[in-house]
>>> print(open('my_file-v1.txt').read())   # compact mmCIF, C-alpha atoms (C1' of nucleotides)
# COMPACT_ATOMS: atom_id res chain seq x y z
CA MET A 1 108.41 110.06 72.03
CA PHE A 2 104.70 110.89 71.89
CA GLU A 3 104.47 108.52 68.99
CA PHE A 4 105.37 105.67 71.30
CA LEU A 5 102.67 106.67 73.77
CA PHE A 6 100.07 106.91 71.00
CA GLU A 7 101.02 103.50 69.65
CA ASN A 8 100.58 102.07 73.09
CA LEU A 9 97.22 103.71 73.68
CA SER A 10 96.06 102.67 70.22
CA LYS A 11 96.31 99.03 71.13
CA THR A 12 93.30 99.61 73.32
CA ILE A 13 91.47 102.74 72.23
CA PHE A 14 91.03 104.78 69.07
CA LEU A 15 92.67 108.20 68.94
CA SER A 16 91.83 110.95 66.46
CA GLU A 17 94.37 113.62 65.61
CA SER A 18 92.65 116.06 67.93
CA ASP A 19 92.68 113.49 70.72
CA LYS A 20 96.41 113.19 70.23
CA LYS A 21 96.77 116.91 70.43
CA ILE A 22 94.94 117.08 73.74
CA ILE A 23 97.09 114.32 75.08
CA SER A 24 100.36 115.86 74.01
CA GLN A 25 99.34 119.14 75.59
CA ASN A 26 98.81 117.41 78.90
CA PHE A 27 101.97 115.39 79.17
CA LYS A 28 105.40 116.83 79.55
CA GLN A 29 108.76 115.26 79.02
CA LYS A 30 110.95 114.29 81.89
CA LYS A 31 114.45 112.87 81.83
CA LEU A 32 116.10 111.02 84.67
CA LEU A 33 119.70 109.94 84.99
CA LYS A 34 120.53 106.55 86.39
CA ARG A 35 120.13 106.57 90.19
CA GLN A 36 117.89 109.60 90.18
CA PHE A 37 114.56 109.35 91.94
CA PHE A 38 111.21 109.81 90.30
CA LEU A 39 109.60 109.56 93.74
CA GLN A 40 110.77 109.13 97.30
CA GLU A 41 108.93 107.44 100.13
CA GLY A 42 107.05 109.93 102.28
CA ASN A 43 106.63 112.43 99.46
CA ILE A 44 103.46 112.83 97.49
CA SER A 45 103.35 111.24 94.08
CA PHE A 46 102.18 114.20 92.04
CA HIS A 47 102.86 112.57 88.72
CA THR A 48 102.12 109.44 86.80
CA GLY A 49 104.80 108.63 84.26
CA PHE A 50 104.81 106.69 81.03
CA VAL A 51 108.26 105.26 80.32
CA THR A 52 109.43 105.91 76.75
CA LYS A 53 113.05 104.98 77.34
CA GLY A 54 114.95 103.31 80.16
CA CYS A 55 114.07 101.38 83.24
CA LEU A 56 112.99 102.10 86.82
CA LYS A 57 112.51 100.18 90.04
CA THR A 58 109.77 100.74 92.59
CA TYR A 59 110.62 99.57 96.09
CA THR A 60 110.39 99.95 99.84
CA ILE A 61 113.17 99.54 102.38
CA ASP A 62 112.65 96.94 105.12
CA ASN A 63 113.88 97.00 108.71
CA ASN A 64 117.22 95.50 107.74
CA GLY A 65 117.82 98.12 105.08
CA ASN A 66 117.10 95.79 102.17
CA GLU A 67 115.22 96.89 99.11
CA LEU A 68 111.94 95.08 98.54
CA ILE A 69 111.20 95.49 94.85
CA TYR A 70 107.54 95.99 94.08
CA GLN A 71 107.86 96.68 90.38
CA ILE A 72 110.36 96.93 87.55
CA SER A 73 109.24 99.19 84.71
CA ILE A 74 110.58 99.44 81.19
CA GLU A 75 109.39 101.15 78.00
CA GLY A 76 105.64 101.13 77.66
CA TRP A 77 104.94 100.86 81.38
CA TRP A 78 103.28 103.38 83.66
CA VAL A 79 104.86 104.30 86.97
CA THR A 80 103.61 106.04 90.05
CA ASP A 81 102.65 105.27 93.60
CA LEU A 82 99.05 104.92 92.57
CA PHE A 83 97.61 105.31 96.02
CA SER A 84 99.53 108.48 96.69
CA PHE A 85 98.74 109.86 93.26
CA LEU A 86 95.01 109.33 93.70
CA THR A 87 94.66 110.35 97.32
CA GLY A 88 97.38 112.98 97.68
CA LEU A 89 98.70 111.15 100.75
CA PRO A 90 102.40 110.31 101.25
CA ALA A 91 103.84 107.52 99.13
CA MET A 92 105.13 104.27 100.57
CA TYR A 93 107.37 103.54 97.60
CA ASN A 94 110.60 104.83 96.17
CA ILE A 95 110.84 104.97 92.40
CA GLU A 96 114.37 105.19 91.06
CA ALA A 97 115.90 105.11 87.60
CA ILE A 98 118.18 102.12 87.06
CA GLU A 99 119.04 103.35 83.57
CA ASN A 100 118.91 106.82 82.08
CA CYS A 101 115.23 107.37 81.43
CA GLU A 102 112.88 109.39 79.32
CA MET A 103 109.31 109.66 80.44
CA LEU A 104 106.10 111.47 79.71
CA ILE A 105 104.41 112.64 82.87
CA MET A 106 101.02 114.00 83.81
CA ASP A 107 99.54 115.24 87.07
CA LEU A 108 95.99 114.81 88.37
CA ALA A 109 94.77 117.97 86.63
CA ASN A 110 96.21 116.82 83.30
CA ARG A 111 94.54 113.49 83.78
CA GLU A 112 91.22 115.16 84.47
CA GLU A 113 91.64 117.35 81.42
CA ILE A 114 92.30 114.37 79.20
CA PHE A 115 89.37 112.44 80.69
CA LYS A 116 87.12 115.38 79.88
CA ASN A 117 88.24 115.72 76.28
CA VAL A 118 89.23 112.17 75.40
CA PRO A 119 86.69 110.01 77.23
CA GLN A 120 88.13 106.75 75.92
CA PHE A 121 91.29 107.56 77.87
CA GLU A 122 89.36 106.85 81.02
CA ARG A 123 88.60 103.41 79.69
CA TYR A 124 92.26 102.86 78.95
CA MET A 125 93.20 103.83 82.48
CA ARG A 126 90.53 101.62 83.97
CA LEU A 127 91.75 98.63 81.96
CA MET A 128 95.30 99.34 82.98
CA LEU A 129 94.28 99.39 86.62
CA GLU A 130 92.37 96.14 86.25
CA ASN A 131 95.31 94.43 84.60
CA ASN A 132 97.59 95.72 87.26
CA TYR A 133 95.26 94.45 89.95
CA ILE A 134 95.22 91.00 88.42
CA ALA A 135 98.98 90.96 87.98
CA ASN A 136 99.28 91.56 91.72
CA GLN A 137 96.84 88.78 92.45
CA ARG A 138 98.78 86.35 90.31
CA ARG A 139 102.03 87.39 91.86
CA LEU A 140 100.62 86.84 95.33
CA ASN A 141 99.46 83.45 94.19
CA SER A 142 102.89 82.48 92.97
CA MET A 143 104.40 83.61 96.28
CA LEU A 144 101.97 81.36 98.15
CA GLY A 145 102.51 78.31 96.02
CA GLY A 146 105.70 77.95 94.05
CA THR A 147 109.35 77.37 94.83
CA ALA A 148 112.00 79.99 94.12
CA GLU A 149 112.89 78.31 90.85
CA GLU A 150 109.29 78.13 89.69
CA ARG A 151 108.81 81.79 90.44
CA TYR A 152 111.91 82.67 88.50
CA LEU A 153 110.85 80.64 85.48
CA THR A 154 107.41 82.22 85.51
CA PHE A 155 109.04 85.61 85.67
CA THR A 156 111.48 85.12 82.79
CA ASN A 157 108.69 83.64 80.79
CA LYS A 158 106.42 86.59 81.37
CA TYR A 159 109.06 89.32 81.13
CA PRO A 160 111.96 88.01 79.04
CA GLU A 161 113.10 91.54 78.15
CA ILE A 162 113.43 92.46 81.80
CA SER A 163 115.36 89.44 83.00
CA ASN A 164 118.26 90.10 80.61
CA ARG A 165 118.44 93.76 81.34
CA VAL A 166 118.11 94.31 85.03
CA PRO A 167 120.66 93.50 87.76
CA LEU A 168 120.26 90.04 89.19
CA LYS A 169 119.86 91.33 92.71
CA THR A 170 116.92 93.47 91.64
CA ILE A 171 115.14 90.52 90.12
CA ALA A 172 116.00 88.43 93.17
CA SER A 173 114.35 90.95 95.42
CA TYR A 174 111.31 91.17 93.16
CA LEU A 175 110.94 87.42 93.52
CA GLY A 176 111.67 87.33 97.23
CA ILE A 177 114.90 85.36 96.81
CA ALA A 178 118.43 86.02 98.07
CA PRO A 179 120.75 87.10 95.22
CA GLU A 180 123.11 84.17 95.87
CA SER A 181 120.21 81.79 95.55
CA LEU A 182 119.04 83.30 92.28
CA SER A 183 122.59 83.05 90.93
CA ARG A 184 122.57 79.31 91.72
CA ILE A 185 119.11 78.87 90.23
CA ARG A 186 120.31 80.42 86.99
CA ARG A 187 123.29 78.10 86.87
CA ASN A 188 121.14 75.02 87.45
CA ILE A 189 118.74 75.95 84.70
CA LYS A 190 121.37 75.94 81.95
CA MET B 1 70.69 93.00 107.85
CA PHE B 2 70.47 96.16 105.77
CA GLU B 3 71.11 98.08 108.94
CA PHE B 4 74.57 96.54 109.11
CA LEU B 5 75.31 97.55 105.53
CA PHE B 6 74.15 101.10 106.15
CA GLU B 7 76.27 101.38 109.26
CA ASN B 8 79.25 100.26 107.27
CA LEU B 9 78.63 102.68 104.41
CA SER B 10 77.99 105.49 106.86
CA LYS B 11 81.55 105.29 108.14
CA THR B 12 82.58 106.75 104.80
CA ILE B 13 79.63 108.46 103.15
CA PHE B 14 76.39 110.12 104.24
CA LEU B 15 73.14 108.33 103.41
CA SER B 16 69.68 109.92 103.46
CA GLU B 17 66.60 107.81 103.98
CA SER B 18 65.89 107.85 100.27
CA ASP B 19 69.47 106.77 99.52
CA LYS B 20 68.91 103.83 101.83
CA LYS B 21 65.76 102.96 100.03
CA ILE B 22 67.49 102.89 96.66
CA ILE B 23 70.22 100.73 98.09
CA SER B 24 67.86 98.24 99.69
CA GLN B 25 65.97 97.94 96.44
CA ASN B 26 69.17 96.99 94.65
CA PHE B 27 70.56 94.37 96.97
CA LYS B 28 68.99 91.07 97.65
CA GLN B 29 69.56 88.61 100.42
CA LYS B 30 71.48 85.45 99.88
CA LYS B 31 72.15 82.65 102.32
CA LEU B 32 74.88 80.08 101.99
CA LEU B 33 75.43 76.97 104.03
CA LYS B 34 78.91 76.01 105.10
CA ARG B 35 80.78 74.46 102.16
CA GLN B 36 78.49 76.00 99.57
CA PHE B 37 80.09 78.05 96.83
CA PHE B 38 79.39 81.68 96.15
CA LEU B 39 81.52 81.39 93.02
CA GLN B 40 83.46 78.71 91.22
CA GLU B 41 86.57 79.11 89.13
CA GLY B 42 85.73 79.37 85.43
CA ASN B 43 82.28 80.78 86.03
CA ILE B 44 81.44 84.43 85.72
CA SER B 45 81.18 86.40 88.91
CA PHE B 46 77.81 88.03 88.35
CA HIS B 47 77.51 89.29 91.90
CA THR B 48 79.38 91.27 94.46
CA GLY B 49 78.43 90.32 98.01
CA PHE B 50 78.51 92.13 101.30
CA VAL B 51 78.89 89.71 104.19
CA THR B 52 76.41 90.35 107.01
CA LYS B 53 76.95 87.06 108.79
CA GLY B 54 79.47 84.24 108.50
CA CYS B 55 82.78 83.75 106.81
CA LEU B 56 84.06 82.83 103.34
CA LYS B 57 87.36 81.91 101.75
CA THR B 58 88.52 82.95 98.28
CA TYR B 59 91.10 80.65 96.76
CA THR B 60 92.63 78.95 93.73
CA ILE B 61 93.79 75.35 93.45
CA ASP B 62 97.43 74.81 92.49
CA ASN B 63 98.93 71.98 90.45
CA ASN B 64 99.28 69.76 93.52
CA GLY B 65 95.64 70.21 94.44
CA ASN B 66 96.34 72.55 97.35
CA GLU B 67 94.18 75.54 98.11
CA LEU B 68 95.96 78.88 97.83
CA ILE B 69 93.93 81.28 99.95
CA TYR B 70 93.67 84.75 98.47
CA GLN B 71 91.23 86.19 100.97
CA ILE B 72 89.26 85.39 104.10
CA SER B 73 86.11 87.47 104.49
CA ILE B 74 83.97 88.01 107.57
CA GLU B 75 81.12 90.38 108.45
CA GLY B 76 81.55 93.79 106.88
CA TRP B 77 83.70 92.59 103.97
CA TRP B 78 82.88 92.59 100.30
CA VAL B 79 83.47 89.49 98.21
CA THR B 80 83.66 88.83 94.52
CA ASP B 81 86.19 88.00 91.86
CA LEU B 82 86.53 91.66 91.03
CA PHE B 83 88.08 91.17 87.64
CA SER B 84 85.40 88.76 86.52
CA PHE B 85 82.66 90.95 87.96
CA LEU B 86 83.88 94.02 86.09
CA THR B 87 84.81 92.41 82.79
CA GLY B 88 82.32 89.56 82.55
CA LEU B 89 85.18 87.13 81.89
CA PRO B 90 85.61 83.82 83.74
CA ALA B 91 86.76 83.98 87.32
CA MET B 92 90.06 82.57 88.53
CA TYR B 93 88.91 82.20 92.12
CA ASN B 94 86.62 79.95 94.07
CA ILE B 95 84.62 81.58 96.85
CA GLU B 96 83.27 79.18 99.41
CA ALA B 97 81.43 79.56 102.70
CA ILE B 98 83.40 78.23 105.66
CA GLU B 99 80.50 79.05 107.99
CA ASN B 100 76.82 79.46 107.29
CA CYS B 101 76.56 82.88 105.71
CA GLU B 102 74.15 85.68 105.11
CA MET B 103 74.99 88.17 102.44
CA LEU B 104 73.58 91.07 100.51
CA ILE B 105 74.36 90.81 96.84
CA MET B 106 74.16 93.10 93.83
CA ASP B 107 74.90 92.62 90.15
CA LEU B 108 76.43 95.10 87.71
CA ALA B 109 73.05 96.60 86.82
CA ASN B 110 72.21 97.14 90.50
CA ARG B 111 75.55 98.77 90.99
CA GLU B 112 74.95 101.09 88.06
CA GLU B 113 71.51 101.94 89.38
CA ILE B 114 72.91 102.84 92.78
CA PHE B 115 75.72 104.89 91.24
CA LYS B 116 73.13 106.85 89.28
CA ASN B 117 70.91 107.60 92.25
CA VAL B 118 73.39 107.65 95.11
CA PRO B 119 76.52 109.20 93.64
CA GLN B 120 78.48 109.01 96.89
CA PHE B 121 78.27 105.23 96.62
CA GLU B 122 80.69 105.45 93.75
CA ARG B 123 83.11 107.20 96.04
CA TYR B 124 82.68 104.47 98.63
CA MET B 125 83.42 101.81 96.05
CA ARG B 126 86.44 103.66 94.78
CA LEU B 127 87.86 103.98 98.28
CA MET B 128 87.21 100.32 98.91
CA LEU B 129 89.09 99.41 95.75
CA GLU B 130 92.00 101.65 96.70
CA ASN B 131 92.22 100.15 100.17
CA ASN B 132 92.05 96.72 98.71
CA TYR B 133 94.80 97.57 96.26
CA ILE B 134 97.05 98.78 99.05
CA ALA B 135 96.29 95.77 101.21
CA ASN B 136 97.54 93.60 98.35
CA GLN B 137 100.67 95.70 98.01
CA ARG B 138 101.43 95.38 101.71
CA ARG B 139 100.79 91.69 101.64
CA LEU B 140 103.17 91.26 98.71
CA ASN B 141 105.71 93.24 100.65
CA SER B 142 105.43 91.01 103.68
CA MET B 143 105.83 87.95 101.46
CA LEU B 144 109.04 89.40 100.04
CA GLY B 145 110.57 90.35 103.34
CA GLY B 146 109.48 88.63 106.51
CA THR B 147 109.80 85.15 107.99
CA ALA B 148 106.79 82.90 108.50
CA GLU B 149 106.51 83.93 112.14
CA GLU B 150 106.64 87.62 111.34
CA ARG B 151 103.93 87.23 108.75
CA TYR B 152 101.76 85.38 111.23
CA LEU B 153 102.19 88.03 113.89
CA THR B 154 101.37 90.78 111.43
CA PHE B 155 98.29 88.86 110.43
CA THR B 156 96.93 88.21 113.93
CA ASN B 157 97.65 91.78 114.76
CA LYS B 158 95.75 93.09 111.79
CA TYR B 159 92.89 90.59 111.88
CA PRO B 160 92.55 89.28 115.43
CA GLU B 161 88.90 88.28 114.88
CA ILE B 162 89.85 86.10 111.96
CA SER B 163 92.73 84.22 113.51
CA ASN B 164 90.56 82.80 116.31
CA ARG B 165 87.72 81.85 114.05
CA VAL B 166 89.11 80.26 110.95
CA PRO B 167 90.75 76.81 110.62
CA LEU B 168 94.49 76.89 111.10
CA LYS B 169 95.15 75.35 107.71
CA THR B 170 93.23 78.14 106.01
CA ILE B 171 95.30 80.81 107.72
CA ALA B 172 98.45 78.83 106.97
CA SER B 173 97.63 78.84 103.28
CA TYR B 174 96.80 82.55 103.35
CA LEU B 175 100.26 83.15 104.77
CA GLY B 176 102.03 80.71 102.48
CA ILE B 177 103.03 78.38 105.32
CA ALA B 178 102.53 74.62 105.79
CA PRO B 179 99.87 73.89 108.43
CA GLU B 180 102.35 71.90 110.56
CA SER B 181 104.69 74.87 110.56
CA LEU B 182 101.97 77.27 111.62
CA SER B 183 101.01 74.91 114.41
CA ARG B 184 104.59 75.01 115.69
CA ILE B 185 104.77 78.77 115.32
CA ARG B 186 101.67 79.13 117.47
CA ARG B 187 103.16 76.89 120.14
CA ASN B 188 106.41 78.86 120.23
CA ILE B 189 104.64 82.16 120.60
CA LYS B 190 102.89 81.23 123.84
C1' DC C 1 79.27 56.35 119.21
C1' DG C 2 81.93 56.19 115.15
C1' DT C 3 83.86 58.50 111.29
C1' DC C 4 86.11 62.09 109.17
C1' DT C 5 88.87 66.01 109.28
C1' DA C 6 91.93 69.20 111.68
C1' DT C 7 95.71 69.79 114.63
C1' DT C 8 99.72 68.48 117.02
C1' DT C 9 104.05 66.19 117.56
C1' DG C 10 108.25 63.84 116.11
C1' DA C 11 111.99 62.79 113.03
C1' DA C 12 114.34 63.32 108.85
C1' DT C 13 115.09 66.08 104.88
C1' DG C 14 115.73 69.92 101.91
C1' DT C 15 115.45 74.36 100.15
C1' DA C 16 117.05 78.55 100.55
C1' DC C 17 119.76 81.63 103.61
C1' DT C 18 123.95 83.57 105.77
C1' DC C 19 128.65 84.51 105.85
C1' DA C 20 132.94 84.77 103.58
C1' DA C 21 135.84 85.08 99.79
C1' DA C 22 136.99 85.20 94.95
C1' DA C 23 136.01 86.58 90.37
C1' DG C 24 133.85 89.61 87.10
C1' DC C 25 132.35 94.02 85.39
C1' DG C 26 131.87 98.93 84.79
C1' DG C 27 132.91 103.46 85.56
C1' DT C 28 136.36 107.07 86.80
C1' DG C 29 140.42 109.46 87.06
C1' DG C 30 145.28 109.67 86.48
C1' DC D 1 144.42 103.72 77.70
C1' DC D 2 145.28 101.55 81.72
C1' DA D 3 144.84 100.97 86.70
C1' DC D 4 142.05 101.20 90.36
C1' DC D 5 137.86 101.24 93.00
C1' DG D 6 133.37 99.85 94.06
C1' DC D 7 129.68 97.12 93.22
C1' DT D 8 127.65 92.85 91.37
C1' DT D 9 127.79 88.11 90.65
C1' DT D 10 129.55 83.68 91.54
C1' DT D 11 131.11 79.95 94.37
C1' DG D 12 131.80 77.36 98.63
C1' DA D 13 130.70 75.79 103.21
C1' DG D 14 127.85 75.61 107.04
C1' DT D 15 123.36 76.56 108.95
C1' DA D 16 118.59 77.37 109.84
C1' DC D 17 114.07 77.65 108.86
C1' DA D 18 110.45 75.45 107.11
C1' DT D 19 108.83 71.35 104.64
C1' DT D 20 107.58 66.54 104.17
C1' DC D 21 106.12 62.23 105.82
C1' DA D 22 104.16 59.54 109.36
C1' DA D 23 101.63 58.80 113.34
C1' DA D 24 99.07 60.13 117.38
C1' DT D 25 95.65 63.13 119.38
C1' DA D 26 91.87 66.15 119.41
C1' DG D 27 87.75 67.91 117.72
C1' DA D 28 83.48 68.28 114.82
C1' DC D 29 79.48 66.29 112.96
C1' DG D 30 76.11 63.13 111.68
>>> encode(input="my_file-v1.txt", output="structure tokens")
Amino acid sequence: MFEFLFENLSKTIFLSESDKKIISQNFKQKKLLKRQFFLQEGNISFHTGFVTKGCLKTYTIDNNGNELIYQISIEGWWVTDLFSFLTGLPAMYNIEAIENCEMLIMDLANREEIFKNVPQFERYMRLMLENNYIANQRRLNSMLGGTAEERYLTFTNKYPEISNRVPLKTIASYLGIAPESLSRIRRNIK
Amino acid sequence: MFEFLFENLSKTIFLSESDKKIISQNFKQKKLLKRQFFLQEGNISFHTGFVTKGCLKTYTIDNNGNELIYQISIEGWWVTDLFSFLTGLPAMYNIEAIENCEMLIMDLANREEIFKNVPQFERYMRLMLENNYIANQRRLNSMLGGTAEERYLTFTNKYPEISNRVPLKTIASYLGIAPESLSRIRRNIK
DNA sequence: CGTCTATTTGAATGTACTCAAAAGCGGTGG
DNA sequence: CCACCGCTTTTGAGTACATTCAAATAGACG
């Protein structure tokens, strides 16, 4: 459980045993059953979670009651409404387990505590934010340019593990496509 | 010129006279003629600019040679390829003046120097980044949900100054619409 | 004034959507 | 363990929104 987090962090930063101890003292375990919420729109996102097992979707609801999927998160991903977490203002997103999940979660105080004692953790977080920022830019780009099929191919290419694991309609929404259309696209590709 | 920057900063943070002095020592003026580039794809974005006069577009070129507009920036906006600026890696965006421009620019060292001497500037930058991050999230959301017309209305509503000032085809690309379609949308609205 | 680019308009086309229904799949309770 | 229910996915048919292509008009700039 923590081992998985440490492995992940170690791809970017070096962690001594005492660093690991600090970190484990500042995360706690959280389990979610399928369909349970990690966060609901309008609430404050007090925690940032690291997914060690399972899968979650982050989404808003539009005027017609449809889910607009912002993110799909599996093992090794971080989840939160970042804006709400950092500012303490209400979240715009819902975050919901689509499989039974195990996570490690920290709040702002934990984060501060780790930053203070494990300075390289701040670097890790900064890099994560940067990567996330770029991922959003690229995704915007693909929404501006490509066709539905191109977007789908880019997606499966980038996240093969996700596309076999998550309901079609969730992926469709993530890509801004109607589920029927994505079903047809999949058929045509084979 | 600097006065405009100070006004802008003062909406968020307090600046003493000596703060202002530090800041003015760490920005320099830059002028761009229409069609000149502030940054070209593949180069490193050494500077972050604050627009005091004029207008720029930030874009990539897709496989068909079309511009995909990521951002349109007028007076009071900051421009850079943020990722490239922070990491020193090559930029993915082109930034080009679409009017004659006057800007105040800083490099990473200037930024560091201001952070050191005017700590509240770091807060300003952080808030700017957060707002920018959210703006991208909302824009993604509108690309997932709405029709072309809805996106256009949201845009004109949010940036009325821009929609009267910038070529139609630039706005069309920003919204992911063909220029002919946007022309028709405008006609239908009246 | 002439050239080049941007915008508008028209007509035809196409991609992706909506609506409806059938088939598939998974979970639950008898 | 099987039958049933609900939800997801697939398929079909018709439609609509937006695109493409082409041409005319308007506007900007040297």
>>> interface_residues(input="my_file-v1.txt", of="chain B", to="chain C", cutoff="10 Å", atoms="all atoms listed in the file", output="ChimeraX atom specification")
/B:167-169,179-180,183-184,187
>>> atom_distance(input="my_file-v1.txt", atom1="CA of Tyr133 (chain A)", atom2="CA of Phe155 (chain B)")
21.4 Å
>>> closest_residue(input="my_file-v1.txt", among="B:Thr147, B:Thr154, B:Asn164, B:Ser84", to="chain D", atoms="only C-alpha atoms (C1' of nucleotides)")
B:Thr147
>>> atom_distance(input="my_file-v1.txt", atom1="CA of Ala109 (chain B)", atom2="CA of His47 (chain B)")
10.0 Å
>>> residues_around(input="my_file-v1.txt", residues="Phe115 (chain A)", least_positions_apart="2", cutoff="12 Å", atoms="only C-alpha atoms (C1' of nucleotides)", output="list in words")
Asp19, Ile22, Ile23, Asn26, Leu108, Ala109, Asn110, Arg111, Glu112, Glu113, Asn117, Val118, Pro119, Gln120, Phe121, Glu122, Arg123, Tyr124, Met125 and Arg126 of chain A
>>> write_last_selection(input="my_file-v1.txt", atoms="C-alpha atoms", output="short mmCIF file (atom, residue, chain, number, x, y, z; two decimals), in the coordinates of the input")
data_model
loop_
_atom_site.label_atom_id
_atom_site.label_comp_id
_atom_site.auth_asym_id
_atom_site.auth_seq_id
_atom_site.Cartn_x
_atom_site.Cartn_y
_atom_site.Cartn_z
CA ASP A 19 92.68 113.49 70.72
CA ILE A 22 94.94 117.08 73.74
CA ILE A 23 97.09 114.32 75.08
CA ASN A 26 98.81 117.41 78.90
CA LEU A 108 95.99 114.81 88.37
CA ALA A 109 94.77 117.97 86.63
CA ASN A 110 96.21 116.82 83.30
CA ARG A 111 94.54 113.49 83.78
CA GLU A 112 91.22 115.16 84.47
CA GLU A 113 91.64 117.35 81.42
CA ASN A 117 88.24 115.72 76.28
CA VAL A 118 89.23 112.17 75.40
CA PRO A 119 86.69 110.01 77.23
CA GLN A 120 88.13 106.75 75.92
CA PHE A 121 91.29 107.56 77.87
CA GLU A 122 89.36 106.85 81.02
CA ARG A 123 88.60 103.41 79.69
CA TYR A 124 92.26 102.86 78.95
CA MET A 125 93.20 103.83 82.48
CA ARG A 126 90.53 101.62 83.97
#
>>> closest_residue(input="my_file-v1.txt", among="B:Gln40, B:Gln25, B:Thr60, B:Ser45", to="Thr87 (chain B)", atoms="all atoms listed in the file")
B:Ser45
>>> interface_residues(input="my_file-v1.txt", of="chain A", to="chain B", cutoff="12 Å", atoms="only C-alpha atoms", output="short mmCIF file (atom, residue, chain, number, x, y, z; two decimals) with C-alpha atoms, in the frame of the given file")
data_model
loop_
_atom_site.label_atom_id
_atom_site.label_comp_id
_atom_site.auth_asym_id
_atom_site.auth_seq_id
_atom_site.Cartn_x
_atom_site.Cartn_y
_atom_site.Cartn_z
CA THR A 58 109.77 100.74 92.59
CA TYR A 59 110.62 99.57 96.09
CA THR A 60 110.39 99.95 99.84
CA ILE A 61 113.17 99.54 102.38
CA ASP A 62 112.65 96.94 105.12
CA ASN A 63 113.88 97.00 108.71
CA ASN A 64 117.22 95.50 107.74
CA GLY A 65 117.82 98.12 105.08
CA ASN A 66 117.10 95.79 102.17
CA GLU A 67 115.22 96.89 99.11
CA LEU A 68 111.94 95.08 98.54
CA ILE A 69 111.20 95.49 94.85
CA TYR A 70 107.54 95.99 94.08
CA GLN A 71 107.86 96.68 90.38
CA ASP A 81 102.65 105.27 93.60
CA LEU A 82 99.05 104.92 92.57
CA PHE A 83 97.61 105.31 96.02
CA SER A 84 99.53 108.48 96.69
CA PHE A 85 98.74 109.86 93.26
CA LEU A 86 95.01 109.33 93.70
CA THR A 87 94.66 110.35 97.32
CA ALA A 91 103.84 107.52 99.13
CA MET A 92 105.13 104.27 100.57
CA TYR A 93 107.37 103.54 97.60
CA ARG A 126 90.53 101.62 83.97
CA LEU A 127 91.75 98.63 81.96
CA MET A 128 95.30 99.34 82.98
CA LEU A 129 94.28 99.39 86.62
CA GLU A 130 92.37 96.14 86.25
CA ASN A 131 95.31 94.43 84.60
CA ASN A 132 97.59 95.72 87.26
CA TYR A 133 95.26 94.45 89.95
CA ILE A 134 95.22 91.00 88.42
CA ALA A 135 98.98 90.96 87.98
CA ASN A 136 99.28 91.56 91.72
CA GLN A 137 96.84 88.78 92.45
CA ARG A 138 98.78 86.35 90.31
CA ARG A 139 102.03 87.39 91.86
CA LEU A 140 100.62 86.84 95.33
CA ASN A 141 99.46 83.45 94.19
CA SER A 142 102.89 82.48 92.97
CA MET A 143 104.40 83.61 96.28
CA LEU A 144 101.97 81.36 98.15
CA GLY A 145 102.51 78.31 96.02
CA GLY A 146 105.70 77.95 94.05
CA THR A 147 109.35 77.37 94.83
CA ALA A 148 112.00 79.99 94.12
CA ILE A 171 115.14 90.52 90.12
CA ALA A 172 116.00 88.43 93.17
CA SER A 173 114.35 90.95 95.42
CA TYR A 174 111.31 91.17 93.16
CA LEU A 175 110.94 87.42 93.52
CA GLY A 176 111.67 87.33 97.23
CA ILE A 177 114.90 85.36 96.81
CA ALA A 178 118.43 86.02 98.07
#
>>> atom_distance(input="my_file-v1.txt", atom1="CA of Phe14 (chain B)", atom2="CA of Lys116 (chain B)")
15.7 Å
>>> closest_atom_pairs(input="my_file-v1.txt", of="chain D", to="chain B", cutoff="10 Å", atoms="all atoms listed in the file", output="Markdown table")
| residue | atom | partner | partner_atom | distance |
| --- | --- | --- | --- | --- |
| D:DC17 | C1' | B:Thr147 | CA | 8.7 |
| D:DA18 | C1' | B:Ser181 | CA | 6.7 |
| D:DT19 | C1' | B:Ala178 | CA | 7.2 |
| D:DT20 | C1' | B:Ala178 | CA | 9.7 |
>>> axis_aligned_box(input="my_file-v1.txt", around="region 6-17 of chain C", padding_each_side="5 Å", output="lines of an AutoDock Vina configuration file")
center_x = 105.8
center_y = 72.2
center_z = 108.9
size_x = 37.8
size_y = 28.8
size_z = 27.4
>>> build_atoms(input="my_file-v1.txt", residues="region 27-32 of chain B", atoms="N, CA and C atoms", output="PDB file, keeping the file's coordinate frame")
ATOM      1  N   PHE B  27      69.879  95.556  96.441  1.00  0.00           N
ATOM      2  CA  PHE B  27      70.560  94.370  96.970  1.00  0.00           C
ATOM      3  C   PHE B  27      69.501  93.326  97.266  1.00  0.00           C
ATOM      4  N   LYS B  28      69.887  92.077  97.108  1.00  0.00           N
ATOM      5  CA  LYS B  28      68.990  91.070  97.650  1.00  0.00           C
ATOM      6  C   LYS B  28      69.742  90.123  98.578  1.00  0.00           C
ATOM      7  N   GLN B  29      68.963  89.486  99.428  1.00  0.00           N
ATOM      8  CA  GLN B  29      69.560  88.610 100.420  1.00  0.00           C
ATOM      9  C   GLN B  29      69.973  87.298  99.804  1.00  0.00           C
ATOM     10  N   LYS B  30      71.043  86.761 100.330  1.00  0.00           N
ATOM     11  CA  LYS B  30      71.480  85.450  99.880  1.00  0.00           C
ATOM     12  C   LYS B  30      72.028  84.699 101.090  1.00  0.00           C
ATOM     13  N   LYS B  31      71.608  83.457 101.231  1.00  0.00           N
ATOM     14  CA  LYS B  31      72.150  82.650 102.320  1.00  0.00           C
ATOM     15  C   LYS B  31      72.975  81.517 101.730  1.00  0.00           C
ATOM     16  N   LEU B  32      74.040  81.197 102.408  1.00  0.00           N
ATOM     17  CA  LEU B  32      74.880  80.080 101.990  1.00  0.00           C
ATOM     18  C   LEU B  32      75.131  79.189 103.197  1.00  0.00           C
TER      19      LEU B  32
END
